[in-house]
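Notes follow the structure.
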Amino acid sequence: MPHYTILIVDDEAAQREVLAGFLKKKGYSVRASETGEKALHVLRNETVDLVLSDMRMPEMDGAELLRRIKSLNPQIDVIVMTAFGSIETATETMKNGATDFITKPVDLQQLELTVQKILTKKQLILENERLRELLNDRFSFDGIISNSGAMAEALSVAGRVAPSKATVLITGESGTGKELIAKAIHMSSPRADKPFIAVNMAALSENLVESELFGHEKGAFTGAHQQRKGRFELADSGSLFIDEVGDIPAGTQVKLLRVLQEQQIERIGSSQAIPIDVRVIAATNRPLEKMVEDGTFRQDLYYRLNVVKITLPPLRDRKTDIPLLTDFFIRKYAKLNEKTITGFSREAMDRLFKHDFPGNVRELENIVEQAVVLARDDIITVAELPVTLTGQHDSPESGISGRTFADKVEIFEKKLIYDALEAAGGVQTKAAELLGMSERHLRYKLQKYGKNKEKNL
């Protein structure tokens with residue numbers, strides 16, 4: 001437990017000495033005051049986590065001291081000591097902000113349990129606040145800025161699981177912030193100063209998956225010119241984030257399960273077992289439960305990964321966050337591009353609210369960045385929004401009038417894909433993330449439509 005300071009307030013010197021000596025032996029820093037005024041002086045000049053105060057004291061009684069403490073700092077916990085038979089008075093003080101009360105003469109074992117309970121709860125609150133600050137400050141560029149209940153629940157689970165060693169499965173559509181949550185869990189864990197290694201299964205060809213995860217020895221296969229450590233070894237003592245875990249080939253699923261069970265790996269081309277200490281955080285936008293039913297994902301591996309599950313809501317289910325997110329992204333990209341942008345026009349914001357955001361927060365960030373770059377004035381208007389939001393692609397001039405519904409859907413889909421590729425600088429992995437689909441699905445679409453935009457549109 002962290003180092004805590006307890007302030008004892010009692011006008012009886014013998015009582016102060018007994019309590020101070022006992023709490024010091026339990027590892028706490030202890031301050032002692034015989035009056036309420038002196039206690040307040042300590043509180044104004046030192047950091048105190050918990051106050052243990054008598055109720056009946058001259059000049060300033062415990063009730064008044066409690067009121068003054070809460071006015072000074074509402075986060076300081078107060079335990080009231082009251083004589084046996086004054087339970088009604090103690091209950092009243094708890095209504096006024098006391099955390100708990102104990103009766104006199106003080107049972108030291110009861111005191112220890114009460115103090116531990118209060119300080120343990122305080123530590124949990126601090127850890128949750130630390131995670132929220134981590135998410136909203138350090139990683140907020142990826143969009144974990146929210147006042148929605150669904151996201152608050154996800155953050156609550158993340159905060160509670162972070163200090164543990166449990167394997168975590170994060171589910172949600174592409175662009176909802178799964179890697180962001182994984183990083184925050186790692187940074188809020190005892191492994192924070194150790195490596196955080198990420199690998200995206202959808203971005204790897206099937207014959208490279210095992211080498212990426214487990215490494216290989218020199219000469220293990222054609223092209224293996226030197227020994228190479230896999231992601232598990234690189235993440236030793238830290239955390240490994242396996243993104244798109246649903247894309248792991250069936251043969252590799254067996255090996256991954258064995259690694260999770262035995263906490264050791266074997267490089268390709270070697271029979272030597274290498275012990276590892278890695279916390280695995282997996283993520284997917286695919287329905288693993290359905291894949292288990294279909295036999296495409298191992299049930300035992302699913303249960304091994306799904307010790308604690310965190311589900312991230314899509315942006316369309318938390319649209320009240322759009323103004324918060326756009327404000328953050330405007331400030332970010334206005335500063336980056338040395339522009340002064342104050343916000344979106346009412347019409348432009350209305351278009352954002354009406355959009356379903358298949359690419360989620362990542363798509364919104366891309367839209368805001370583009371709008372900031374193109375903005376002529378300090379207000380972003382509809383003219384700076386992409387055609388996917390303005391509906392310009394539905395105009396007769398776009399060349400789709402008079403065609404069948406299927407033709408129009410195909411043209412619209414092509415437009416989305418090519419816009420995403422352009423926004424991603426031609427990088428298919430990033431474009432797939434913007435579109436909310438796997439890279440394999442995107443490659444299939446590109447093969448279907450061809451890669452020449454002008455030819456197919």
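The chains in the structure tokens are called A, B, ... from first to last as shown; in each chain the residues are counted from 1, and the ligands are counted from 1 in the order shown.
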
Residues flagged strand (DSSP E or B) by DSSP in range 28-219 of chain A, as a short mmCIF file (atom, residue, chain, number, x, y, z; two decimals) with C-alpha atoms, in the first residue's frame:
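Ended up saving to selection.cif:
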data_model
loop_
_atom_site.label_atom_id
_atom_site.label_comp_id
_atom_site.auth_asym_id
_atom_site.auth_seq_id
_atom_site.Cartn_x
_atom_site.Cartn_y
_atom_site.Cartn_z
CA SER A 29 3.06 8.39 9.00
CA VAL A 30 1.32 9.99 11.94
CA ARG A 31 0.72 13.59 12.99
CA ALA A 32 -1.04 14.52 16.25
CA SER A 33 -2.85 17.65 17.47
CA LEU A 50 -7.03 10.54 6.88
CA VAL A 51 -8.09 12.35 10.07
CA LEU A 52 -8.94 10.44 13.27
CA SER A 53 -10.82 12.93 15.44
CA ASP A 54 -12.45 12.85 18.87
CA ASP A 77 -11.45 11.14 4.95
CA VAL A 78 -12.47 11.60 8.60
CA ILE A 79 -13.05 8.90 11.22
CA VAL A 80 -14.93 10.16 14.28
CA MET A 81 -14.20 8.73 17.74
CA THR A 82 -17.18 8.89 20.08
CA ALA A 83 -17.96 7.61 23.56
CA ASP A 100 -16.85 6.23 9.52
CA PHE A 101 -16.90 6.24 13.31
CA ILE A 102 -15.52 4.08 16.11
CA THR A 103 -16.49 4.01 19.78
CA LYS A 104 -14.33 4.70 22.81
CA VAL A 168 -8.13 -8.82 -21.50
CA LEU A 169 -10.27 -9.06 -24.65
CA ILE A 170 -11.31 -5.71 -26.12
CA THR A 171 -14.14 -5.82 -28.65
CA PHE A 196 4.24 -2.46 -24.79
CA ILE A 197 4.39 -4.38 -28.07
CA ALA A 198 1.56 -4.40 -30.62
CA VAL A 199 0.93 -6.71 -33.55
CA ASN A 200 -1.94 -6.65 -36.04
CA GLY A 215 10.42 -15.59 -33.69
CA HIS A 216 12.66 -17.90 -35.67
#

Do a neighbour search on range 425-432 of chain A at 7 Å with only C-alpha atoms, toss out local chain neighbours closer than 6 positions, and write the hits as an MDAnalysis selection string.
-> chainID A and resid 203 438:439 442

Dump as a PDB file, in the first residue's frame, selection limited to C-alpha atoms:
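Generated output (out00.pdb):
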ATOM      1  CA  ALA A 203      -1.856  -7.072 -41.585  1.00  0.00           C
ATOM      2  CA  SER A 438     -10.288  -5.682 -42.112  1.00  0.00           C
ATOM      3  CA  GLU A 439      -7.403  -5.244 -44.528  1.00  0.00           C
ATOM      4  CA  LEU A 442     -10.405  -4.175 -48.331  1.00  0.00           C
TER       5      LEU A 442
END

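If you look at CA of His3 in chain A and CA of Asp236 in chain A, they are 29.4 Å away from each other.
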
Counting only C-alpha atoms, which of A:Leu435, A:Leu40, A:Ile274, A:Leu374 gets nearest to Asp419 in chain A?
-> A:Leu435

Can you build me a table of range 129-226 of chain A residues sitting at most 10 Å from range 311-335 of chain A, with the closest atom pair per residue and its distance in Å to one decimal, using only C-alpha atoms, sorted by chain and residue number, as JSON lines?
{"residue": "A:Ser140", "atom": "CA", "partner": "A:Phe328", "partner_atom": "CA", "distance": 8.3}
{"residue": "A:Phe141", "atom": "CA", "partner": "A:Phe329", "partner_atom": "CA", "distance": 7.4}
{"residue": "A:Asp142", "atom": "CA", "partner": "A:Phe329", "partner_atom": "CA", "distance": 9.3}
{"residue": "A:Gly143", "atom": "CA", "partner": "A:Leu325", "partner_atom": "CA", "distance": 6.5}
{"residue": "A:Ile144", "atom": "CA", "partner": "A:Leu325", "partner_atom": "CA", "distance": 8.4}
{"residue": "A:Ile145", "atom": "CA", "partner": "A:Leu325", "partner_atom": "CA", "distance": 6.4}
{"residue": "A:Ser146", "atom": "CA", "partner": "A:Asp321", "partner_atom": "CA", "distance": 5.5}
{"residue": "A:Asn147", "atom": "CA", "partner": "A:Asp321", "partner_atom": "CA", "distance": 6.5}
{"residue": "A:Ser148", "atom": "CA", "partner": "A:Arg318", "partner_atom": "CA", "distance": 6.1}
{"residue": "A:Gly149", "atom": "CA", "partner": "A:Arg318", "partner_atom": "CA", "distance": 8.6}
{"residue": "A:Ala150", "atom": "CA", "partner": "A:Pro313", "partner_atom": "CA", "distance": 6.5}
{"residue": "A:Met151", "atom": "CA", "partner": "A:Leu312", "partner_atom": "CA", "distance": 6.6}
{"residue": "A:Ala152", "atom": "CA", "partner": "A:Leu312", "partner_atom": "CA", "distance": 9.8}
{"residue": "A:Glu153", "atom": "CA", "partner": "A:Thr311", "partner_atom": "CA", "distance": 9.0}
{"residue": "A:Ala154", "atom": "CA", "partner": "A:Thr311", "partner_atom": "CA", "distance": 6.4}
{"residue": "A:Leu155", "atom": "CA", "partner": "A:Leu312", "partner_atom": "CA", "distance": 9.1}
{"residue": "A:Val157", "atom": "CA", "partner": "A:Thr311", "partner_atom": "CA", "distance": 9.5}
{"residue": "A:Leu169", "atom": "CA", "partner": "A:Thr311", "partner_atom": "CA", "distance": 8.4}
{"residue": "A:Ile170", "atom": "CA", "partner": "A:Thr311", "partner_atom": "CA", "distance": 5.9}
{"residue": "A:Thr171", "atom": "CA", "partner": "A:Thr311", "partner_atom": "CA", "distance": 4.8}
{"residue": "A:Gly172", "atom": "CA", "partner": "A:Leu312", "partner_atom": "CA", "distance": 5.0}
{"residue": "A:Glu173", "atom": "CA", "partner": "A:Pro314", "partner_atom": "CA", "distance": 6.5}
{"residue": "A:Ser174", "atom": "CA", "partner": "A:Pro314", "partner_atom": "CA", "distance": 8.7}
{"residue": "A:Gly175", "atom": "CA", "partner": "A:Pro314", "partner_atom": "CA", "distance": 8.3}
{"residue": "A:Thr176", "atom": "CA", "partner": "A:Pro314", "partner_atom": "CA", "distance": 6.0}
{"residue": "A:Gly177", "atom": "CA", "partner": "A:Leu312", "partner_atom": "CA", "distance": 7.7}
{"residue": "A:Lys178", "atom": "CA", "partner": "A:Leu312", "partner_atom": "CA", "distance": 7.4}
{"residue": "A:Ile181", "atom": "CA", "partner": "A:Leu312", "partner_atom": "CA", "distance": 9.2}

For Ser164 in chain A, which residue out of A:Lys448, A:Arg231, A:His186, A:Arg304 is the nearest one, using only C-alpha atoms?
-> A:His186

Mind checking which residues fall within 10 Å of Leu260 in chain A, counting only C-alpha atoms, ignoring those fewer than 5 positions away in the same chain, and posting them as a list in words?
-> Thr167, Lys255, Ile265, Ile276, Asp277, Val278, Arg279, Val280, Leu301, Arg304 and Leu305 of chain A

Write out, as a compact mmCIF listing (two decimals), in the first residue's frame, the residues just selected, with C-alpha atoms.
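Saved the output as result_34.txt:
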# COMPACT_ATOMS: atom_id res chain seq x y z
CA THR A 167 -5.79 -11.38 -19.95
CA LYS A 255 0.34 -22.68 -30.46
CA ILE A 265 7.56 -20.07 -26.45
CA ILE A 276 8.30 -15.50 -20.85
CA ASP A 277 6.28 -13.22 -18.58
CA VAL A 278 3.82 -11.42 -20.84
CA ARG A 279 0.39 -9.97 -20.18
CA VAL A 280 -1.75 -10.44 -23.30
CA LEU A 301 -8.45 -20.15 -26.82
CA ARG A 304 -8.30 -18.14 -22.32
CA LEU A 305 -8.38 -14.69 -23.98

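Distances to Glu266 in chain A were evaluated for A:His441, A:Arg298, A:Lys26, A:Lys229 using only C-alpha atoms, and the minimum falls at A:Lys229.
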
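Take CA of Ala273 in chain A and CA of Lys194 in chain A: the distance between them is 22.2 Å.
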
Could you write out, as a PyMOL selection string, all the residues of range 96-266 of chain A that DSSP marks as alpha helix (DSSP H)?
-> chain A and resi 108-133+149-161+178-187+209-214+231-234+250-262

Quick one: residues within 8 Å of Ser345 in chain A, only C-alpha atoms counted, chain neighbours fewer than 5 positions away excluded, as a PyMOL selection string?
-> chain A and resi 379-382

Nearby residues (only C-alpha atoms) at most 12 Å from Val254 in chain A, same-chain spacing under 2 positions excluded, as a VMD selection string | chain A and resid 210 248 to 252 256 to 261 297 to 302 304

Atoms to include: N, CA and C atoms. Write the selected residues as a short mmCIF file (atom, residue, chain, number, x, y, z; two decimals), in the first residue's frame.
data_model
loop_
_atom_site.label_atom_id
_atom_site.label_comp_id
_atom_site.auth_asym_id
_atom_site.auth_seq_id
_atom_site.Cartn_x
_atom_site.Cartn_y
_atom_site.Cartn_z
N GLU A 210 3.38 -16.89 -37.37
CA GLU A 210 4.12 -17.58 -36.30
C GLU A 210 5.49 -16.96 -36.09
N ILE A 248 -6.21 -14.82 -36.62
CA ILE A 248 -5.12 -15.78 -36.43
C ILE A 248 -5.49 -17.11 -37.09
N PRO A 249 -4.61 -17.67 -37.93
CA PRO A 249 -4.90 -18.95 -38.58
C PRO A 249 -5.11 -20.06 -37.56
N ALA A 250 -5.87 -21.09 -37.98
CA ALA A 250 -6.23 -22.19 -37.07
C ALA A 250 -5.01 -22.86 -36.46
N GLY A 251 -3.98 -23.12 -37.28
CA GLY A 251 -2.78 -23.79 -36.78
C GLY A 251 -2.06 -22.98 -35.73
N THR A 252 -2.04 -21.68 -35.89
CA THR A 252 -1.37 -20.81 -34.92
C THR A 252 -2.18 -20.66 -33.65
N LEU A 256 -0.71 -20.57 -29.89
CA LEU A 256 -0.95 -19.42 -29.02
C LEU A 256 -1.58 -19.87 -27.70
N LEU A 257 -2.51 -20.81 -27.78
CA LEU A 257 -3.13 -21.34 -26.57
C LEU A 257 -2.09 -21.96 -25.65
N ARG A 258 -1.17 -22.72 -26.23
CA ARG A 258 -0.13 -23.37 -25.42
C ARG A 258 0.78 -22.33 -24.77
N VAL A 259 1.10 -21.28 -25.49
CA VAL A 259 1.94 -20.21 -24.93
C VAL A 259 1.23 -19.54 -23.75
N LEU A 260 -0.06 -19.27 -23.89
CA LEU A 260 -0.81 -18.63 -22.81
C LEU A 260 -0.90 -19.54 -21.58
N GLN A 261 -0.99 -20.84 -21.81
CA GLN A 261 -1.11 -21.78 -20.71
C GLN A 261 0.23 -22.00 -20.00
N PHE A 297 -12.78 -20.60 -34.79
CA PHE A 297 -11.95 -20.10 -33.71
C PHE A 297 -12.09 -21.06 -32.54
N ARG A 298 -10.96 -21.44 -31.96
CA ARG A 298 -10.96 -22.44 -30.90
C ARG A 298 -11.68 -21.93 -29.65
N GLN A 299 -12.55 -22.78 -29.11
CA GLN A 299 -13.29 -22.40 -27.92
C GLN A 299 -12.37 -22.22 -26.72
N ASP A 300 -11.39 -23.14 -26.56
CA ASP A 300 -10.49 -23.04 -25.41
C ASP A 300 -9.63 -21.79 -25.48
N LEU A 301 -9.22 -21.38 -26.68
CA LEU A 301 -8.45 -20.15 -26.82
C LEU A 301 -9.33 -18.93 -26.52
N TYR A 302 -10.57 -19.00 -26.96
CA TYR A 302 -11.51 -17.89 -26.70
C TYR A 302 -11.66 -17.66 -25.20
N ARG A 304 -9.59 -18.56 -22.88
CA ARG A 304 -8.30 -18.14 -22.32
C ARG A 304 -8.08 -16.64 -22.54
#

Name the closest residue to Ser205 in chain A among the candidates A:Glu413, A:Lys117, A:Ala220, A:Asp247; distances are taken between atoms, counting only C-alpha atoms.
-> A:Asp247
